[in-house]
Amino acid sequence: MKLNEEKNLIDFLFNMTKAVGFTVFAVFTLLGAVIFTLFYPSNAMQSGPSIALSKSSATTFTASTLVEDYLWEAPDQSTIPAGAAGEQIKYGQDLVAHTAKYIGPTGSVLQISNGMNCQNCHLGAGTKPFGNNYSLVASSYPKVRARSGKSENIEKRVNDCFERSLNGQSLSPKSKEMEAIVAYIKWVGKDVKKGDNVKGSGLLEMEVLDRATSPELGKAVYVQKCQTCHGQEGQGIKTPGNPEFQYPPLWGKNSYNDGAGLYRISNFARYVKANMPLGATHRNPQLTDEEAWDVAAYVNTMPRPKKDTRKDWPDISKKPFDHPFGPYKDSYSEHQHKYGPYKPIMISKN
């Protein structure tokens with residue numbers, strides 16, 4: 001727009017506003033026009049401002065955008081195939097969601113576990129993002145695990161959960177129940193290619209504290225935010241006559257043993273940060289990082305069943321920084337390995 005054209009536009013608007021008595025609307029219209037003509041170049045007036053993103057800016061995301069836009073989702077139930085294969089997957093899903101009903105202390109098939117359900121640790125029957133889900137299991141197994149020092153298949157991994165988290169006995173790899181659970185786990189992860197690492201798998205990442213975790217502070221968090229569901233004595237809540245816990249026990253004879261993954265304070269902290277108390281998500285957590293670390297320390301201080309872990313981590317240099325049982329490659333104590341502070345251990349390990 002040329003200079004005289006800009007002046008003509010302003011004069012026109014001025015005369016129009018005089019005609020209507022300089023209403024508030026007219027004054028703001030005139031002011032807006034003046035600012036626009038003074039600050040926008042003529043080519044912008046001719047063609048309009050461009051809103052298209054360049055290729056580079058359109059594909060650059062912040063961490064939060066990546067989580068929101070690329071978060072893993074379990075397959076839709078409608079993709080379960082028809083026929084015998086589909087029925088096997090559905091049975092596996094039911095076993096994961098209602099383990100106690102089938103193979104708990106009063107199970108209809110076997111009586112080999114503590115009464116917890118697999119989905120007490122693998123939320124949404126292993127489908128919830130950052131809820132210890134099954135997204136990567138099918139694509140990553142078989143693999144060598146440092147805990148055993150051996151190559152493990154999915155069946156071995158499932159039995160680890162039965163022996164540790166469910167404080168029970170292993171299933172026969174050729175049993176109807178094991179085959180159904182494996183079929184379901186493979187279906188959950190069917191869209192993940194080998195070698196891919198999807199957002200939302202496993203547990204939420206967290207920074208370790210600069211101090212040691214505090215069971216004493218964690219007890220206050222538990223009383224305030226956890227006790228209502230899990231009980232004053234961590235015993236969980238079970239409806240009379242129902243073989244399943246409505247809310248699982250966090251310690252005591254019916255809880256996971258000290259060989260389970262959640263007995264590591266870092267795993268428990270990451271788990272509760274993204275999922276607890278009830279209703280929390282990774283996007284809308286209800287615990288601060290310090291509360292998550294401290295309540296994890298409190299829960300894992302309480303009594304629970306024991307597991308013989310002497311054969312775990314045959315290469316002790318590969319033990320996680322918070323593995324609570326020695327011996328260790330470093331000189332830090334079992335107490336510090338369990339409760340922290342963890343940073344000196346991590347630095348020495350690296």
# chains A, B, ... in the order shown; residues from 1 in each chain; ligands from 1
>>> residues_around(residues="Gly104 of chain A", least_positions_apart="3", cutoff="8 Å", atoms="only C-alpha atoms", output="list in words")
Thr99, Ala100, Lys101, Gly107, Leu110, Gln111, Ile112, Ser113, Asn114, Gly115, Met116 and Pro243 of chain A
>>> residues_around(residues="Gln77 of chain A", least_positions_apart="6", cutoff="12 Å", atoms="only C-alpha atoms", output="ChimeraX atom specification")
/A:86,89-90,93,127,184,187-188
>>> residues_around(residues="segment 209-213 of chain A", least_positions_apart="2", cutoff="8 Å", atoms="only C-alpha atoms", output="NGL selection string")
:A and (207 or 215 or 290 or 293-294 or 297 or 336 or 339-343)
>>> atom_distance(atom1="atom CA of Arg264 of chain A", atom2="atom CA of Asp322 of chain A")
6.2 Å
>>> select_by_dssp(residues="segment 223-317 of chain A", states="strand (DSSP E)", output="list of chain:residue names")
A:Ile237, A:Lys238, A:Phe245, A:Gln246, A:Tyr247
>>> select_by_dssp(residues="segment 146-290 of chain A", states="alpha helix (DSSP H)", output="ChimeraX atom specification")
/A:154-163,176-188,215-225,227-230,265-275,289-290
>>> residues_around(residues="segment 218-222 of chain A", least_positions_apart="6", cutoff="10 Å", atoms="only C-alpha atoms", output="PDB file with N, CA and C atoms, in the first residue's frame")
ATOM      1  N   THR A 228      -6.342 -44.759  52.623  1.00  0.00           N
ATOM      2  CA  THR A 228      -7.774 -44.944  52.392  1.00  0.00           C
ATOM      3  C   THR A 228      -8.049 -46.174  51.533  1.00  0.00           C
ATOM      4  N   HIS A 230      -5.448 -48.617  50.557  1.00  0.00           N
ATOM      5  CA  HIS A 230      -4.598 -49.780  50.820  1.00  0.00           C
ATOM      6  C   HIS A 230      -4.580 -50.216  52.281  1.00  0.00           C
ATOM      7  N   GLY A 231      -5.278 -49.475  53.156  1.00  0.00           N
ATOM      8  CA  GLY A 231      -5.426 -49.903  54.533  1.00  0.00           C
ATOM      9  C   GLY A 231      -4.347 -49.390  55.457  1.00  0.00           C
ATOM     10  N   GLN A 232      -4.690 -49.243  56.718  1.00  0.00           N
ATOM     11  CA  GLN A 232      -3.762 -48.740  57.711  1.00  0.00           C
ATOM     12  C   GLN A 232      -2.539 -49.630  57.852  1.00  0.00           C
ATOM     13  N   GLY A 234      -1.494 -51.648  55.373  1.00  0.00           N
ATOM     14  CA  GLY A 234      -1.056 -52.018  54.029  1.00  0.00           C
ATOM     15  C   GLY A 234      -1.664 -53.295  53.520  1.00  0.00           C
ATOM     16  N   PRO A 277      -2.091 -41.312  43.831  1.00  0.00           N
ATOM     17  CA  PRO A 277      -3.278 -42.076  44.196  1.00  0.00           C
ATOM     18  C   PRO A 277      -4.231 -42.259  43.019  1.00  0.00           C
ATOM     19  N   LEU A 287       1.358 -36.653  43.284  1.00  0.00           N
ATOM     20  CA  LEU A 287       2.473 -36.670  44.224  1.00  0.00           C
ATOM     21  C   LEU A 287       3.620 -35.849  43.667  1.00  0.00           C
ATOM     22  N   GLU A 290       9.461 -35.822  45.526  1.00  0.00           N
ATOM     23  CA  GLU A 290       9.931 -36.195  46.864  1.00  0.00           C
ATOM     24  C   GLU A 290       8.921 -37.093  47.570  1.00  0.00           C
ATOM     25  N   GLU A 291       7.628 -36.792  47.433  1.00  0.00           N
ATOM     26  CA  GLU A 291       6.612 -37.652  48.043  1.00  0.00           C
ATOM     27  C   GLU A 291       6.654 -39.062  47.456  1.00  0.00           C
ATOM     28  N   ALA A 292       6.842 -39.152  46.138  1.00  0.00           N
ATOM     29  CA  ALA A 292       6.899 -40.466  45.493  1.00  0.00           C
ATOM     30  C   ALA A 292       8.094 -41.273  45.992  1.00  0.00           C
ATOM     31  N   TRP A 293       9.256 -40.635  46.068  1.00  0.00           N
ATOM     32  CA  TRP A 293      10.447 -41.343  46.559  1.00  0.00           C
ATOM     33  C   TRP A 293      10.274 -41.771  48.016  1.00  0.00           C
ATOM     34  N   ASP A 294       9.741 -40.877  48.832  1.00  0.00           N
ATOM     35  CA  ASP A 294       9.637 -41.179  50.264  1.00  0.00           C
ATOM     36  C   ASP A 294       8.578 -42.232  50.559  1.00  0.00           C
ATOM     37  N   VAL A 295       7.431 -42.168  49.880  1.00  0.00           N
ATOM     38  CA  VAL A 295       6.417 -43.192  50.146  1.00  0.00           C
ATOM     39  C   VAL A 295       6.887 -44.553  49.639  1.00  0.00           C
ATOM     40  N   ALA A 296       7.689 -44.563  48.580  1.00  0.00           N
ATOM     41  CA  ALA A 296       8.275 -45.825  48.107  1.00  0.00           C
ATOM     42  C   ALA A 296       9.205 -46.405  49.164  1.00  0.00           C
ATOM     43  N   ALA A 297       9.979 -45.535  49.804  1.00  0.00           N
ATOM     44  CA  ALA A 297      10.884 -46.000  50.861  1.00  0.00           C
ATOM     45  C   ALA A 297      10.091 -46.549  52.041  1.00  0.00           C
ATOM     46  N   TYR A 298       8.999 -45.876  52.383  1.00  0.00           N
ATOM     47  CA  TYR A 298       8.189 -46.348  53.513  1.00  0.00           C
ATOM     48  C   TYR A 298       7.580 -47.715  53.217  1.00  0.00           C
ATOM     49  N   VAL A 299       6.939 -47.847  52.079  1.00  0.00           N
ATOM     50  CA  VAL A 299       6.282 -49.117  51.740  1.00  0.00           C
ATOM     51  C   VAL A 299       7.293 -50.257  51.702  1.00  0.00           C
TER      52      VAL A 299
END
>>> atom_distance(atom1="atom CA of Lys186 of chain A", atom2="atom CA of Asp315 of chain A")
29.8 Å
>>> closest_residue(among="A:Pro305, A:Gly131, A:Gly149, A:Gly279", to="Lys318 of chain A", atoms="only C-alpha atoms")
A:Gly149
>>> residues_around(residues="Val192 of chain A", least_positions_apart="6", cutoff="9 Å", atoms="only C-alpha atoms", output="PyMOL selection string")
chain A and resi 135-136+138-139+198
>>> closest_residue(among="A:Phe130, A:Trp251, A:Trp72, A:Tyr256", to="Cys118 of chain A", atoms="only C-alpha atoms")
A:Tyr256
>>> closest_residue(among="A:Pro142, A:Gly241, A:Pro248, A:Pro173", to="Lys194 of chain A", atoms="only C-alpha atoms")
A:Pro142
>>> closest_residue(among="A:Asn159, A:Gln224, A:Gln235, A:Ser201", to="Ser255 of chain A", atoms="only C-alpha atoms")
A:Gln235
>>> closest_residue(among="A:Arg157, A:Lys225, A:Lys150, A:His98", to="Gln119 of chain A", atoms="only C-alpha atoms")
A:His98
>>> residues_around(residues="Ser165 of chain A", least_positions_apart="5", cutoff="8 Å", atoms="only C-alpha atoms", output="list in words")
Asp160, Ser255, Tyr256, Asn257, Gly259, Ala260, Gly261 and Leu262 of chain A
>>> decode(residues="segment 84-189 of chain A", atoms="C-alpha atoms", output="mmCIF file, in the first residue's frame")
data_model
loop_
_atom_site.group_PDB
_atom_site.id
_atom_site.type_symbol
_atom_site.label_atom_id
_atom_site.label_comp_id
_atom_site.auth_asym_id
_atom_site.auth_seq_id
_atom_site.Cartn_x
_atom_site.Cartn_y
_atom_site.Cartn_z
ATOM 1 C CA ALA A 84 -9.816 -69.781 18.467
ATOM 2 C CA ALA A 85 -6.907 -67.320 18.329
ATOM 3 C CA GLY A 86 -9.121 -64.496 19.524
ATOM 4 C CA GLU A 87 -10.624 -66.580 22.307
ATOM 5 C CA GLN A 88 -7.139 -67.443 23.523
ATOM 6 C CA ILE A 89 -6.184 -63.739 23.625
ATOM 7 C CA LYS A 90 -9.364 -62.892 25.529
ATOM 8 C CA TYR A 91 -8.701 -65.653 28.042
ATOM 9 C CA GLY A 92 -5.174 -64.333 28.518
ATOM 10 C CA GLN A 93 -6.552 -60.846 29.084
ATOM 11 C CA ASP A 94 -8.973 -62.181 31.679
ATOM 12 C CA LEU A 95 -6.165 -64.065 33.436
ATOM 13 C CA VAL A 96 -4.091 -60.874 33.656
ATOM 14 C CA ALA A 97 -7.029 -58.782 34.878
ATOM 15 C CA HIS A 98 -8.487 -61.370 37.278
ATOM 16 C CA THR A 99 -5.558 -63.603 38.173
ATOM 17 C CA ALA A 100 -6.803 -64.402 41.674
ATOM 18 C CA LYS A 101 -10.098 -65.700 40.304
ATOM 19 C CA TYR A 102 -8.297 -68.387 38.297
ATOM 20 C CA ILE A 103 -5.004 -69.110 40.080
ATOM 21 C CA GLY A 104 -5.174 -67.331 43.432
ATOM 22 C CA PRO A 105 -5.455 -69.019 46.846
ATOM 23 C CA THR A 106 -8.991 -70.174 45.990
ATOM 24 C CA GLY A 107 -8.553 -70.174 42.213
ATOM 25 C CA SER A 108 -10.847 -72.136 39.940
ATOM 26 C CA VAL A 109 -7.931 -73.539 37.883
ATOM 27 C CA LEU A 110 -4.907 -73.579 40.201
ATOM 28 C CA GLN A 111 -4.035 -72.275 43.650
ATOM 29 C CA ILE A 112 -0.499 -71.013 43.197
ATOM 30 C CA SER A 113 -0.391 -67.256 43.944
ATOM 31 C CA ASN A 114 -0.942 -64.701 46.708
ATOM 32 C CA GLY A 115 -4.328 -63.343 45.611
ATOM 33 C CA MET A 116 -3.103 -60.274 43.758
ATOM 34 C CA ASN A 117 -3.899 -59.791 40.073
ATOM 35 C CA CYS A 118 -1.262 -59.249 37.409
ATOM 36 C CA GLN A 119 -2.900 -55.921 36.636
ATOM 37 C CA ASN A 120 -2.252 -54.706 40.184
ATOM 38 C CA CYS A 121 1.283 -54.063 38.904
ATOM 39 C CA HIS A 122 0.572 -53.916 35.144
ATOM 40 C CA LEU A 123 -2.254 -51.398 35.124
ATOM 41 C CA GLY A 124 -5.174 -51.738 32.752
ATOM 42 C CA ALA A 125 -4.153 -55.348 32.137
ATOM 43 C CA GLY A 126 -0.806 -54.105 30.852
ATOM 44 C CA THR A 127 -2.158 -51.368 28.594
ATOM 45 C CA LYS A 128 -1.753 -48.105 30.539
ATOM 46 C CA PRO A 129 1.038 -45.745 29.411
ATOM 47 C CA PHE A 130 3.696 -45.495 32.130
ATOM 48 C CA GLY A 131 1.685 -48.114 34.038
ATOM 49 C CA ASN A 132 4.265 -50.902 33.674
ATOM 50 C CA ASN A 133 2.618 -51.976 30.427
ATOM 51 C CA TYR A 134 3.405 -54.770 27.974
ATOM 52 C CA SER A 135 4.160 -52.587 24.959
ATOM 53 C CA LEU A 136 7.757 -53.767 24.437
ATOM 54 C CA VAL A 137 7.559 -57.363 25.624
ATOM 55 C CA ALA A 138 6.733 -59.035 22.329
ATOM 56 C CA SER A 139 9.339 -57.048 20.382
ATOM 57 C CA SER A 140 12.188 -57.436 22.884
ATOM 58 C CA TYR A 141 11.956 -61.081 23.986
ATOM 59 C CA PRO A 142 13.754 -63.403 23.978
ATOM 60 C CA LYS A 143 16.640 -61.442 25.433
ATOM 61 C CA VAL A 144 19.474 -61.778 27.935
ATOM 62 C CA ARG A 145 18.487 -60.311 31.293
ATOM 63 C CA ALA A 146 21.164 -59.180 33.705
ATOM 64 C CA ARG A 147 19.166 -60.372 36.699
ATOM 65 C CA SER A 148 19.471 -64.014 35.656
ATOM 66 C CA GLY A 149 22.473 -63.651 33.357
ATOM 67 C CA LYS A 150 20.640 -65.835 30.841
ATOM 68 C CA SER A 151 18.501 -65.545 27.741
ATOM 69 C CA GLU A 152 14.851 -65.500 28.719
ATOM 70 C CA ASN A 153 11.679 -65.929 26.689
ATOM 71 C CA ILE A 154 8.274 -64.424 27.496
ATOM 72 C CA GLU A 155 7.235 -67.515 29.450
ATOM 73 C CA LYS A 156 10.235 -67.168 31.768
ATOM 74 C CA ARG A 157 9.485 -63.490 32.251
ATOM 75 C CA VAL A 158 5.861 -64.220 33.139
ATOM 76 C CA ASN A 159 6.942 -66.866 35.636
ATOM 77 C CA ASP A 160 9.298 -64.365 37.241
ATOM 78 C CA CYS A 161 6.212 -62.311 38.044
ATOM 79 C CA PHE A 162 4.393 -65.335 39.431
ATOM 80 C CA GLU A 163 7.309 -66.211 41.683
ATOM 81 C CA ARG A 164 8.075 -62.662 42.818
ATOM 82 C CA SER A 165 5.247 -60.163 42.473
ATOM 83 C CA LEU A 166 2.581 -62.823 43.088
ATOM 84 C CA ASN A 167 4.820 -64.633 45.593
ATOM 85 C CA GLY A 168 3.726 -67.937 44.113
ATOM 86 C CA GLN A 169 4.729 -70.827 41.910
ATOM 87 C CA SER A 170 5.518 -70.900 38.230
ATOM 88 C CA LEU A 171 3.091 -71.968 35.514
ATOM 89 C CA SER A 172 3.951 -74.763 33.137
ATOM 90 C CA PRO A 173 5.127 -73.127 29.899
ATOM 91 C CA LYS A 174 2.841 -75.480 27.953
ATOM 92 C CA SER A 175 -0.230 -74.922 30.102
ATOM 93 C CA LYS A 176 -3.392 -73.460 28.625
ATOM 94 C CA GLU A 177 -3.075 -70.488 30.972
ATOM 95 C CA MET A 178 0.534 -69.652 30.093
ATOM 96 C CA GLU A 179 -0.148 -69.927 26.375
ATOM 97 C CA ALA A 180 -3.136 -67.608 26.745
ATOM 98 C CA ILE A 181 -1.188 -65.019 28.749
ATOM 99 C CA VAL A 182 1.638 -65.042 26.197
ATOM 100 C CA ALA A 183 -0.850 -64.714 23.312
ATOM 101 C CA TYR A 184 -2.424 -61.710 25.023
ATOM 102 C CA ILE A 185 0.940 -60.043 25.750
ATOM 103 C CA LYS A 186 1.972 -60.508 22.118
ATOM 104 C CA TRP A 187 -1.314 -58.983 20.972
ATOM 105 C CA VAL A 188 -0.822 -55.938 23.213
ATOM 106 C CA GLY A 189 2.598 -55.281 21.670
#
